[in-house]
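As stored in work29.cif (mmCIF, N, CA and C atoms):
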```
data_final
#
loop_
_atom_site.label_atom_id
_atom_site.label_comp_id
_atom_site.auth_asym_id
_atom_site.auth_seq_id
_atom_site.Cartn_x
_atom_site.Cartn_y
_atom_site.Cartn_z
N MET X 1 6.68 0.44 6.39
CA MET X 1 5.50 -0.38 6.26
C MET X 1 5.05 -0.34 4.80
N THR X 2 4.52 -1.47 4.32
CA THR X 2 4.14 -1.52 2.92
C THR X 2 2.94 -2.44 2.69
N LEU X 3 2.40 -2.30 1.51
CA LEU X 3 1.34 -3.16 1.04
C LEU X 3 1.87 -3.93 -0.17
N ARG X 4 1.71 -5.24 -0.14
CA ARG X 4 2.13 -6.09 -1.26
C ARG X 4 0.89 -6.61 -1.98
N VAL X 5 1.05 -6.86 -3.26
CA VAL X 5 0.00 -7.49 -4.05
C VAL X 5 0.51 -8.87 -4.41
N VAL X 6 -0.26 -9.91 -4.03
CA VAL X 6 0.22 -11.29 -4.12
C VAL X 6 -0.81 -12.19 -4.81
N ARG X 7 -0.33 -13.37 -5.18
CA ARG X 7 -1.22 -14.42 -5.66
C ARG X 7 -1.61 -15.27 -4.46
N LEU X 8 -2.90 -15.39 -4.20
CA LEU X 8 -3.36 -16.19 -3.08
C LEU X 8 -2.98 -17.65 -3.30
N GLY X 9 -2.50 -18.28 -2.25
CA GLY X 9 -2.04 -19.66 -2.32
C GLY X 9 -0.55 -19.76 -2.52
N SER X 10 0.11 -18.65 -2.85
CA SER X 10 1.57 -18.65 -3.02
C SER X 10 2.24 -18.58 -1.65
N SER X 11 3.51 -18.93 -1.61
CA SER X 11 4.26 -18.85 -0.36
C SER X 11 4.32 -17.42 0.13
N ARG X 12 4.25 -17.28 1.43
CA ARG X 12 4.32 -15.94 2.02
C ARG X 12 5.76 -15.46 2.04
N GLN X 13 5.91 -14.15 1.84
CA GLN X 13 7.23 -13.52 1.89
C GLN X 13 7.46 -12.96 3.28
N PRO X 14 8.72 -12.87 3.71
CA PRO X 14 9.00 -12.26 5.02
C PRO X 14 8.46 -10.83 5.08
N GLY X 15 7.82 -10.49 6.18
CA GLY X 15 7.30 -9.15 6.37
C GLY X 15 6.03 -8.85 5.59
N GLU X 16 5.40 -9.87 5.05
CA GLU X 16 4.20 -9.66 4.24
C GLU X 16 3.04 -9.12 5.07
N GLY X 17 2.96 -9.48 6.32
CA GLY X 17 1.87 -9.02 7.16
C GLY X 17 0.58 -9.77 6.90
N LEU X 18 -0.51 -9.17 7.35
CA LEU X 18 -1.83 -9.75 7.18
C LEU X 18 -2.14 -9.89 5.69
N ARG X 19 -2.60 -11.07 5.28
CA ARG X 19 -2.95 -11.32 3.88
C ARG X 19 -4.46 -11.24 3.75
N ILE X 20 -4.90 -10.39 2.82
CA ILE X 20 -6.32 -10.14 2.61
C ILE X 20 -6.73 -10.65 1.23
N GLY X 21 -7.74 -11.50 1.20
CA GLY X 21 -8.24 -12.02 -0.06
C GLY X 21 -9.29 -11.09 -0.65
N THR X 22 -9.00 -10.55 -1.82
CA THR X 22 -9.95 -9.67 -2.50
C THR X 22 -10.59 -10.45 -3.64
N VAL X 23 -11.25 -11.52 -3.28
CA VAL X 23 -11.86 -12.44 -4.24
C VAL X 23 -13.34 -12.62 -3.92
N ARG X 24 -14.10 -12.98 -4.94
CA ARG X 24 -15.54 -13.13 -4.79
C ARG X 24 -15.89 -14.39 -3.99
N ARG X 25 -15.10 -15.45 -4.16
CA ARG X 25 -15.42 -16.73 -3.51
C ARG X 25 -14.21 -17.28 -2.73
N PRO X 26 -14.47 -17.98 -1.63
CA PRO X 26 -13.36 -18.61 -0.90
C PRO X 26 -12.76 -19.76 -1.72
N PRO X 27 -11.58 -20.22 -1.36
CA PRO X 27 -10.95 -21.30 -2.12
C PRO X 27 -11.77 -22.59 -2.04
N ARG X 28 -11.90 -23.25 -3.16
CA ARG X 28 -12.68 -24.50 -3.21
C ARG X 28 -11.92 -25.64 -2.56
N GLY X 29 -12.65 -26.47 -1.86
CA GLY X 29 -12.08 -27.68 -1.30
C GLY X 29 -11.14 -27.44 -0.12
N VAL X 30 -11.16 -26.25 0.45
CA VAL X 30 -10.28 -25.92 1.58
C VAL X 30 -11.16 -25.54 2.77
N ARG X 31 -10.91 -26.16 3.91
CA ARG X 31 -11.66 -25.80 5.10
C ARG X 31 -11.32 -24.38 5.53
N LYS X 32 -12.31 -23.68 6.02
CA LYS X 32 -12.13 -22.30 6.46
C LYS X 32 -10.98 -22.19 7.47
N SER X 33 -10.85 -23.17 8.33
CA SER X 33 -9.78 -23.15 9.34
C SER X 33 -8.39 -23.28 8.72
N ASN X 34 -8.31 -23.67 7.45
CA ASN X 34 -7.01 -23.84 6.78
C ASN X 34 -6.67 -22.73 5.78
N TYR X 35 -7.53 -21.75 5.61
CA TYR X 35 -7.25 -20.70 4.63
C TYR X 35 -5.89 -20.05 4.88
N ALA X 36 -5.65 -19.60 6.09
CA ALA X 36 -4.38 -18.92 6.39
C ALA X 36 -3.21 -19.90 6.34
N ARG X 37 -3.38 -21.07 6.91
CA ARG X 37 -2.28 -22.05 6.94
C ARG X 37 -1.85 -22.48 5.55
N ARG X 38 -2.80 -22.49 4.60
CA ARG X 38 -2.47 -22.87 3.22
C ARG X 38 -2.16 -21.65 2.35
N ASN X 39 -1.89 -20.53 2.99
CA ASN X 39 -1.45 -19.30 2.32
C ASN X 39 -2.48 -18.68 1.38
N PHE X 40 -3.74 -18.87 1.68
CA PHE X 40 -4.76 -18.18 0.88
C PHE X 40 -4.95 -16.78 1.47
N TYR X 41 -5.59 -16.68 2.61
CA TYR X 41 -5.74 -15.36 3.24
C TYR X 41 -6.08 -15.49 4.71
N ASP X 42 -5.79 -14.39 5.43
CA ASP X 42 -6.12 -14.29 6.85
C ASP X 42 -7.49 -13.63 7.03
N ALA X 43 -7.81 -12.72 6.12
CA ALA X 43 -9.09 -12.00 6.15
C ALA X 43 -9.62 -11.93 4.73
N TRP X 44 -10.94 -11.93 4.63
CA TRP X 44 -11.60 -11.95 3.32
C TRP X 44 -12.31 -10.63 3.10
N LEU X 45 -12.07 -10.00 1.97
CA LEU X 45 -12.66 -8.70 1.65
C LEU X 45 -13.25 -8.76 0.23
N PRO X 46 -14.36 -9.49 0.05
CA PRO X 46 -14.92 -9.65 -1.29
C PRO X 46 -15.44 -8.36 -1.90
N GLU X 47 -15.61 -7.32 -1.09
CA GLU X 47 -16.10 -6.03 -1.61
C GLU X 47 -15.12 -5.40 -2.61
N LEU X 48 -13.86 -5.85 -2.60
CA LEU X 48 -12.88 -5.32 -3.54
C LEU X 48 -12.65 -6.24 -4.73
N ALA X 49 -13.45 -7.29 -4.82
CA ALA X 49 -13.41 -8.19 -5.98
C ALA X 49 -14.36 -7.64 -7.04
N PRO X 50 -14.10 -7.96 -8.30
CA PRO X 50 -15.07 -7.57 -9.33
C PRO X 50 -16.40 -8.28 -9.09
N SER X 51 -17.47 -7.67 -9.54
CA SER X 51 -18.80 -8.28 -9.39
C SER X 51 -18.85 -9.61 -10.13
N GLN X 52 -19.80 -10.44 -9.74
CA GLN X 52 -19.96 -11.74 -10.41
C GLN X 52 -20.21 -11.55 -11.90
N LYS X 53 -20.92 -10.51 -12.27
CA LYS X 53 -21.17 -10.22 -13.69
C LYS X 53 -19.85 -10.09 -14.45
N TRP X 54 -18.89 -9.34 -13.91
CA TRP X 54 -17.64 -9.10 -14.62
C TRP X 54 -16.68 -10.28 -14.50
N VAL X 55 -16.77 -11.05 -13.43
CA VAL X 55 -15.97 -12.27 -13.33
C VAL X 55 -16.42 -13.25 -14.42
N SER X 56 -17.72 -13.44 -14.54
CA SER X 56 -18.26 -14.35 -15.56
C SER X 56 -17.89 -13.86 -16.96
N TRP X 57 -18.02 -12.57 -17.20
CA TRP X 57 -17.67 -12.00 -18.49
C TRP X 57 -16.20 -12.23 -18.80
N ALA X 58 -15.33 -12.04 -17.81
CA ALA X 58 -13.89 -12.20 -18.01
C ALA X 58 -13.53 -13.65 -18.34
N LEU X 59 -14.23 -14.58 -17.74
CA LEU X 59 -13.91 -15.99 -17.94
C LEU X 59 -14.53 -16.57 -19.22
N ALA X 60 -15.42 -15.83 -19.86
CA ALA X 60 -16.15 -16.34 -21.02
C ALA X 60 -15.30 -16.50 -22.27
N LYS X 61 -14.29 -15.64 -22.45
CA LYS X 61 -13.45 -15.67 -23.65
C LYS X 61 -12.02 -15.33 -23.27
N PRO X 62 -11.07 -15.69 -24.13
CA PRO X 62 -9.68 -15.31 -23.87
C PRO X 62 -9.52 -13.78 -23.88
N TRP X 63 -8.51 -13.32 -23.15
CA TRP X 63 -8.24 -11.88 -23.10
C TRP X 63 -7.71 -11.37 -24.42
N SER X 64 -8.17 -10.21 -24.78
CA SER X 64 -7.58 -9.40 -25.84
C SER X 64 -7.35 -8.04 -25.21
N ASP X 65 -6.62 -7.18 -25.89
CA ASP X 65 -6.41 -5.84 -25.34
C ASP X 65 -7.73 -5.10 -25.18
N ALA X 66 -8.62 -5.25 -26.14
CA ALA X 66 -9.92 -4.57 -26.07
C ALA X 66 -10.76 -5.09 -24.91
N ARG X 67 -10.77 -6.42 -24.73
CA ARG X 67 -11.53 -6.99 -23.60
C ARG X 67 -10.94 -6.54 -22.27
N TRP X 68 -9.62 -6.50 -22.17
CA TRP X 68 -8.99 -6.05 -20.92
C TRP X 68 -9.34 -4.59 -20.63
N THR X 69 -9.32 -3.76 -21.65
CA THR X 69 -9.66 -2.35 -21.46
C THR X 69 -11.09 -2.18 -20.95
N LYS X 70 -12.00 -2.95 -21.52
CA LYS X 70 -13.40 -2.89 -21.07
C LYS X 70 -13.52 -3.38 -19.64
N TYR X 71 -12.87 -4.48 -19.33
CA TYR X 71 -12.90 -5.04 -17.97
C TYR X 71 -12.34 -4.03 -16.97
N ALA X 72 -11.19 -3.45 -17.28
CA ALA X 72 -10.55 -2.49 -16.39
C ALA X 72 -11.45 -1.28 -16.14
N ARG X 73 -12.07 -0.78 -17.19
CA ARG X 73 -12.97 0.37 -17.07
C ARG X 73 -14.13 0.04 -16.12
N ASN X 74 -14.71 -1.14 -16.27
CA ASN X 74 -15.85 -1.52 -15.44
C ASN X 74 -15.44 -1.83 -14.00
N TYR X 75 -14.29 -2.45 -13.81
CA TYR X 75 -13.81 -2.69 -12.44
C TYR X 75 -13.57 -1.36 -11.73
N ARG X 76 -12.91 -0.43 -12.39
CA ARG X 76 -12.66 0.88 -11.79
C ARG X 76 -13.98 1.59 -11.45
N ARG X 77 -14.97 1.45 -12.29
CA ARG X 77 -16.28 2.06 -11.99
C ARG X 77 -16.87 1.43 -10.74
N GLU X 78 -16.80 0.11 -10.63
CA GLU X 78 -17.32 -0.55 -9.42
C GLU X 78 -16.57 -0.10 -8.17
N MET X 79 -15.29 0.14 -8.29
CA MET X 79 -14.49 0.53 -7.13
C MET X 79 -14.70 2.00 -6.74
N ARG X 80 -15.41 2.76 -7.56
CA ARG X 80 -15.77 4.13 -7.19
C ARG X 80 -17.02 4.17 -6.31
N GLU X 81 -17.73 3.04 -6.21
CA GLU X 81 -18.91 2.99 -5.34
C GLU X 81 -18.44 3.25 -3.90
N PRO X 82 -19.26 3.93 -3.09
CA PRO X 82 -18.81 4.38 -1.77
C PRO X 82 -18.17 3.31 -0.88
N ARG X 83 -18.77 2.15 -0.78
CA ARG X 83 -18.23 1.12 0.11
C ARG X 83 -16.84 0.68 -0.33
N ALA X 84 -16.66 0.42 -1.61
CA ALA X 84 -15.36 0.00 -2.13
C ALA X 84 -14.35 1.14 -2.01
N ALA X 85 -14.75 2.34 -2.34
CA ALA X 85 -13.84 3.49 -2.28
C ALA X 85 -13.33 3.71 -0.85
N ARG X 86 -14.21 3.54 0.14
CA ARG X 86 -13.79 3.68 1.55
C ARG X 86 -12.76 2.61 1.92
N LEU X 87 -12.98 1.40 1.45
CA LEU X 87 -12.05 0.31 1.76
C LEU X 87 -10.69 0.55 1.11
N ILE X 88 -10.68 1.05 -0.10
CA ILE X 88 -9.41 1.35 -0.77
C ILE X 88 -8.66 2.42 -0.01
N ARG X 89 -9.37 3.47 0.42
CA ARG X 89 -8.71 4.52 1.22
C ARG X 89 -8.20 3.97 2.54
N LEU X 90 -8.95 3.07 3.16
CA LEU X 90 -8.52 2.47 4.42
C LEU X 90 -7.25 1.64 4.22
N LEU X 91 -7.21 0.80 3.20
CA LEU X 91 -6.01 -0.01 2.95
C LEU X 91 -4.81 0.87 2.63
N ALA X 92 -5.03 1.93 1.87
CA ALA X 92 -3.94 2.86 1.55
C ALA X 92 -3.40 3.49 2.84
N ALA X 93 -4.28 3.89 3.73
CA ALA X 93 -3.85 4.49 5.00
C ALA X 93 -3.14 3.46 5.87
N LEU X 94 -3.67 2.25 5.95
CA LEU X 94 -3.03 1.21 6.75
C LEU X 94 -1.63 0.88 6.25
N SER X 95 -1.42 0.97 4.93
CA SER X 95 -0.10 0.66 4.37
C SER X 95 0.97 1.62 4.86
N GLN X 96 0.58 2.77 5.38
CA GLN X 96 1.53 3.73 5.92
C GLN X 96 1.97 3.35 7.33
N ARG X 97 1.23 2.43 7.97
CA ARG X 97 1.48 2.09 9.37
C ARG X 97 1.86 0.64 9.64
N THR X 98 1.52 -0.24 8.69
CA THR X 98 1.75 -1.67 8.93
C THR X 98 1.96 -2.40 7.61
N ASN X 99 2.53 -3.58 7.69
CA ASN X 99 2.67 -4.43 6.51
C ASN X 99 1.39 -5.22 6.31
N LEU X 100 0.94 -5.27 5.09
CA LEU X 100 -0.20 -6.10 4.74
C LEU X 100 -0.10 -6.45 3.27
N SER X 101 -0.92 -7.41 2.87
CA SER X 101 -0.92 -7.83 1.47
C SER X 101 -2.35 -8.11 1.05
N ILE X 102 -2.58 -7.93 -0.24
CA ILE X 102 -3.88 -8.23 -0.84
C ILE X 102 -3.64 -9.17 -2.01
N GLY X 103 -4.66 -9.93 -2.36
CA GLY X 103 -4.43 -10.84 -3.47
C GLY X 103 -5.66 -11.47 -4.06
N CYS X 104 -5.38 -12.22 -5.12
CA CYS X 104 -6.38 -12.97 -5.89
C CYS X 104 -5.74 -14.28 -6.33
N TYR X 105 -6.54 -15.18 -6.84
CA TYR X 105 -6.04 -16.50 -7.26
C TYR X 105 -5.39 -16.51 -8.65
N CYS X 106 -5.68 -15.51 -9.47
CA CYS X 106 -5.23 -15.52 -10.87
C CYS X 106 -3.72 -15.71 -10.99
N GLU X 107 -3.33 -16.50 -11.97
CA GLU X 107 -1.91 -16.77 -12.20
C GLU X 107 -1.19 -15.54 -12.74
N ARG X 108 -1.81 -14.83 -13.67
CA ARG X 108 -1.16 -13.68 -14.33
C ARG X 108 -1.69 -12.37 -13.76
N GLU X 109 -0.87 -11.69 -12.99
CA GLU X 109 -1.31 -10.43 -12.39
C GLU X 109 -1.70 -9.40 -13.43
N GLU X 110 -1.01 -9.38 -14.58
CA GLU X 110 -1.27 -8.35 -15.58
C GLU X 110 -2.67 -8.46 -16.21
N ARG X 111 -3.34 -9.58 -16.03
CA ARG X 111 -4.71 -9.75 -16.52
C ARG X 111 -5.62 -10.16 -15.36
N CYS X 112 -5.41 -9.51 -14.24
CA CYS X 112 -6.16 -9.81 -13.02
C CYS X 112 -6.56 -8.49 -12.36
N HIS X 113 -7.68 -8.49 -11.69
CA HIS X 113 -8.11 -7.26 -11.03
C HIS X 113 -7.11 -6.79 -9.98
N ARG X 114 -6.26 -7.67 -9.50
CA ARG X 114 -5.31 -7.21 -8.49
C ARG X 114 -4.32 -6.19 -9.06
N SER X 115 -4.03 -6.26 -10.36
CA SER X 115 -3.17 -5.24 -10.96
C SER X 115 -3.89 -3.89 -10.98
N LEU X 116 -5.18 -3.91 -11.22
CA LEU X 116 -5.98 -2.69 -11.21
C LEU X 116 -6.12 -2.16 -9.80
N LEU X 117 -6.29 -3.05 -8.85
CA LEU X 117 -6.39 -2.66 -7.46
C LEU X 117 -5.07 -2.04 -6.99
N ARG X 118 -3.95 -2.58 -7.45
CA ARG X 118 -2.64 -2.00 -7.13
C ARG X 118 -2.60 -0.53 -7.59
N GLU X 119 -3.07 -0.27 -8.82
CA GLU X 119 -3.08 1.09 -9.36
C GLU X 119 -3.97 2.00 -8.52
N LEU X 120 -5.16 1.51 -8.17
CA LEU X 120 -6.08 2.31 -7.37
C LEU X 120 -5.47 2.64 -6.00
N LEU X 121 -4.84 1.67 -5.39
CA LEU X 121 -4.21 1.90 -4.09
C LEU X 121 -3.09 2.93 -4.21
N ARG X 122 -2.29 2.82 -5.26
CA ARG X 122 -1.21 3.79 -5.50
C ARG X 122 -1.80 5.19 -5.65
N GLU X 123 -2.89 5.29 -6.41
CA GLU X 123 -3.54 6.59 -6.62
C GLU X 123 -4.05 7.19 -5.32
N HIS X 124 -4.33 6.34 -4.33
CA HIS X 124 -4.82 6.81 -3.03
C HIS X 124 -3.71 6.91 -1.98
N GLY X 125 -2.47 6.85 -2.43
CA GLY X 125 -1.35 7.09 -1.53
C GLY X 125 -0.82 5.89 -0.79
N ALA X 126 -1.18 4.69 -1.22
CA ALA X 126 -0.66 3.48 -0.54
C ALA X 126 0.85 3.39 -0.73
N LYS X 127 1.50 2.89 0.29
CA LYS X 127 2.93 2.62 0.21
C LYS X 127 3.06 1.17 -0.24
N LEU X 128 3.44 0.97 -1.50
CA LEU X 128 3.47 -0.36 -2.10
C LEU X 128 4.88 -0.93 -2.14
N ALA X 129 4.97 -2.26 -1.96
CA ALA X 129 6.26 -2.94 -2.03
C ALA X 129 6.64 -3.16 -3.47
#
```
What would the structure in this file look like if it were written as structure tokens?
Amino acid sequence: MTLRVVRLGSSRQPGEGLRIGTVRRPPRGVRKSNYARRNFYDAWLPELAPSQKWVSWALAKPWSDARWTKYARNYRREMREPRAARLIRLLAALSQRTNLSIGCYCEREERCHRSLLRELLREHGAKLA
């Protein structure tokens, strides 16, 4: 059993399991009944998305290494809050028993919170694909 980190809206891979959207907002212009059918997500978990403050900050200017470092530090701090930390531990534990995937809309994983979430899940013992 494994946990995959994916781009929401991309084609599903065999054995991907339940797809969880770790985004602040649902996809625009898509009916709720079509989220799963259009490969966005089966379940929504916005508690693992960066806060609106940091999403706005991230979108305000192009990425530099310094901006990414600041963003990563603040996202990790938000994920240490009890509610988020419990969810990370839960997903890590579930990855030992079932296939599931988490994701975000960003095109480049290396400059997306999902890359940071992948690291946090690994640190908590998740079995990653």
Inset, instruction - Apply DSSP to the backbone of this structure and, from chain X, keep only the residues in strand (DSSP E); write these as a PyMOL selection string. - result: chain X and resi 3-7+18-21+43-44+100-104
Once the PyMOL selection byres (((chain X and resi 129 and name CA) around 7) and name CA) has been evaluated on this model, what residues remain selected, and can you format them as a ChimeraX atom specification?
/X:2-4,127-128
task: Would you list the contacts of His113 in chain X as number ranges by chain, taking every protein, DNA or RNA residue within 8 Å and counting only C-alpha atoms, but skipping same-chain residues closer than 6 positions in sequence?
output: X: 49-50, 72, 75, 104
**Message:** Here's the selection I'm unsure about, the PyMOL selection byres ((chain X and resi 103) around 8); applied to the file above, which residues does it give, as a PyMOL selection string?
**Reply:** chain X and resi 4-9+19-23+40-41+101-102+104-106+113-114
X:Thr98, X:Leu90, X:Ala58, X:Arg28 ranked by distance to Glu16 in chain X, top pick (using only N, CA and C atoms):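 For Glu16 in chain X, the nearest of the candidates is X:Thr98.
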- Query: How many Å separate atom N of Leu59 in chain X from CA of Leu116 in chain X?
  - Reply: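 Value for the atom N of Leu59 in chain X-CA of Leu116 in chain X distance: 15.9 Å.
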Using the file's own x, y and z axes, so that the box edges lie along x, y and z, what centre and edge lengths in Å (one decimal) does a box around every listed atom of range 46-56 of chain X get when 5 Å is added on each side? Give it as lines of an AutoDock Vina configuration file.
```
center_x = -16.9
center_y = -9.8
center_z = -8.5
size_x = 18.5
size_y = 19.0
size_z = 27.0
```
Query raised in the report: Which residue, X:Pro62, X:Pro27, X:Gly17, X:Pro82, has the smallest gap to Leu100 in chain X when you use only N, CA and C atoms?
Result: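 Comparing X:Pro62, X:Pro27, X:Gly17, X:Pro82 against Leu100 in chain X, the winner is X:Gly17.
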| request: Run DSSP on the backbone of this structure and report the residues of range 51-110 of chain X it assigns to helix (DSSP H, G or I), as a ChimeraX atom specification. | output: /X:52-60,65-79,82-94,109-110
Now that the selection is made, can you save its residues with N, CA and C atoms as a compact mmCIF listing (two decimals), keeping the file's coordinate frame?
```txt
# COMPACT_ATOMS: atom_id res chain seq x y z
N GLN X 52 -19.80 -10.44 -9.74
CA GLN X 52 -19.96 -11.74 -10.41
C GLN X 52 -20.21 -11.55 -11.90
N LYS X 53 -20.92 -10.51 -12.27
CA LYS X 53 -21.17 -10.22 -13.69
C LYS X 53 -19.85 -10.09 -14.45
N TRP X 54 -18.89 -9.34 -13.91
CA TRP X 54 -17.64 -9.10 -14.62
C TRP X 54 -16.68 -10.28 -14.50
N VAL X 55 -16.77 -11.05 -13.43
CA VAL X 55 -15.97 -12.27 -13.33
C VAL X 55 -16.42 -13.25 -14.42
N SER X 56 -17.72 -13.44 -14.54
CA SER X 56 -18.26 -14.35 -15.56
C SER X 56 -17.89 -13.86 -16.96
N TRP X 57 -18.02 -12.57 -17.20
CA TRP X 57 -17.67 -12.00 -18.49
C TRP X 57 -16.20 -12.23 -18.80
N ALA X 58 -15.33 -12.04 -17.81
CA ALA X 58 -13.89 -12.20 -18.01
C ALA X 58 -13.53 -13.65 -18.34
N LEU X 59 -14.23 -14.58 -17.74
CA LEU X 59 -13.91 -15.99 -17.94
C LEU X 59 -14.53 -16.57 -19.22
N ALA X 60 -15.42 -15.83 -19.86
CA ALA X 60 -16.15 -16.34 -21.02
C ALA X 60 -15.30 -16.50 -22.27
N ASP X 65 -6.62 -7.18 -25.89
CA ASP X 65 -6.41 -5.84 -25.34
C ASP X 65 -7.73 -5.10 -25.18
N ALA X 66 -8.62 -5.25 -26.14
CA ALA X 66 -9.92 -4.57 -26.07
C ALA X 66 -10.76 -5.09 -24.91
N ARG X 67 -10.77 -6.42 -24.73
CA ARG X 67 -11.53 -6.99 -23.60
C ARG X 67 -10.94 -6.54 -22.27
N TRP X 68 -9.62 -6.50 -22.17
CA TRP X 68 -8.99 -6.05 -20.92
C TRP X 68 -9.34 -4.59 -20.63
N THR X 69 -9.32 -3.76 -21.65
CA THR X 69 -9.66 -2.35 -21.46
C THR X 69 -11.09 -2.18 -20.95
N LYS X 70 -12.00 -2.95 -21.52
CA LYS X 70 -13.40 -2.89 -21.07
C LYS X 70 -13.52 -3.38 -19.64
N TYR X 71 -12.87 -4.48 -19.33
CA TYR X 71 -12.90 -5.04 -17.97
C TYR X 71 -12.34 -4.03 -16.97
N ALA X 72 -11.19 -3.45 -17.28
CA ALA X 72 -10.55 -2.49 -16.39
C ALA X 72 -11.45 -1.28 -16.14
N ARG X 73 -12.07 -0.78 -17.19
CA ARG X 73 -12.97 0.37 -17.07
C ARG X 73 -14.13 0.04 -16.12
N ASN X 74 -14.71 -1.14 -16.27
CA ASN X 74 -15.85 -1.52 -15.44
C ASN X 74 -15.44 -1.83 -14.00
N TYR X 75 -14.29 -2.45 -13.81
CA TYR X 75 -13.81 -2.69 -12.44
C TYR X 75 -13.57 -1.36 -11.73
N ARG X 76 -12.91 -0.43 -12.39
CA ARG X 76 -12.66 0.88 -11.79
C ARG X 76 -13.98 1.59 -11.45
N ARG X 77 -14.97 1.45 -12.29
CA ARG X 77 -16.28 2.06 -11.99
C ARG X 77 -16.87 1.43 -10.74
N GLU X 78 -16.80 0.11 -10.63
CA GLU X 78 -17.32 -0.55 -9.42
C GLU X 78 -16.57 -0.10 -8.17
N MET X 79 -15.29 0.14 -8.29
CA MET X 79 -14.49 0.53 -7.13
C MET X 79 -14.70 2.00 -6.74
N PRO X 82 -19.26 3.93 -3.09
CA PRO X 82 -18.81 4.38 -1.77
C PRO X 82 -18.17 3.31 -0.88
N ARG X 83 -18.77 2.15 -0.78
CA ARG X 83 -18.23 1.12 0.11
C ARG X 83 -16.84 0.68 -0.33
N ALA X 84 -16.66 0.42 -1.61
CA ALA X 84 -15.36 0.00 -2.13
C ALA X 84 -14.35 1.14 -2.01
N ALA X 85 -14.75 2.34 -2.34
CA ALA X 85 -13.84 3.49 -2.28
C ALA X 85 -13.33 3.71 -0.85
N ARG X 86 -14.21 3.54 0.14
CA ARG X 86 -13.79 3.68 1.55
C ARG X 86 -12.76 2.61 1.92
N LEU X 87 -12.98 1.40 1.45
CA LEU X 87 -12.05 0.31 1.76
C LEU X 87 -10.69 0.55 1.11
N ILE X 88 -10.68 1.05 -0.10
CA ILE X 88 -9.41 1.35 -0.77
C ILE X 88 -8.66 2.42 -0.01
N ARG X 89 -9.37 3.47 0.42
CA ARG X 89 -8.71 4.52 1.22
C ARG X 89 -8.20 3.97 2.54
N LEU X 90 -8.95 3.07 3.16
CA LEU X 90 -8.52 2.47 4.42
C LEU X 90 -7.25 1.64 4.22
N LEU X 91 -7.21 0.80 3.20
CA LEU X 91 -6.01 -0.01 2.95
C LEU X 91 -4.81 0.87 2.63
N ALA X 92 -5.03 1.93 1.87
CA ALA X 92 -3.94 2.86 1.55
C ALA X 92 -3.40 3.49 2.84
N ALA X 93 -4.28 3.89 3.73
CA ALA X 93 -3.85 4.49 5.00
C ALA X 93 -3.14 3.46 5.87
N LEU X 94 -3.67 2.25 5.95
CA LEU X 94 -3.03 1.21 6.75
C LEU X 94 -1.63 0.88 6.25
N GLU X 109 -0.87 -11.69 -12.99
CA GLU X 109 -1.31 -10.43 -12.39
C GLU X 109 -1.70 -9.40 -13.43
N GLU X 110 -1.01 -9.38 -14.58
CA GLU X 110 -1.27 -8.35 -15.58
C GLU X 110 -2.67 -8.46 -16.21
```
**Prompt:** Out of X:Ala126, X:Cys112, X:Ala36, X:Leu121, which residue has the shortest atom-to-atom distance to Val55 in chain X when counting only C-alpha atoms?
**Reply:**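 Ranking X:Ala126, X:Cys112, X:Ala36, X:Leu121 by distance to Val55 in chain X, first place goes to X:Cys112.
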Which one of X:Arg108, X:Lys53, X:His124, X:Arg38 sits closest to Leu94 in chain X if you count only C-alpha atoms?
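Nearest to Leu94 in chain X: X:His124.
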Fill in: Nearest to Glu47 in chain X, chosen from X:Leu18, X:Ala66, X:Val30, X:Ala85, with all atoms listed in the file counted in the distances
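Under the stated criterion, the closest residue is X:Ala85.
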Computed interatomic separation between CA of Met79 in chain X and atom N of Tyr35 in chain X (Å) |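 Distance reported for this atom pair: 26.6 Å.
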Open item on the list: One decimal, in Å: what's the spacing between atom C of Trp57 in chain X and CA of Leu117 in chain X?
Closed with: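 Separation of atom C of Trp57 in chain X and CA of Leu117 in chain X: 17.8 Å.
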Restricting to only C-alpha atoms, whichever of X:Arg31, X:Pro26, X:Met1, X:Lys61 is closest to Ala43 in chain X is X:Pro26
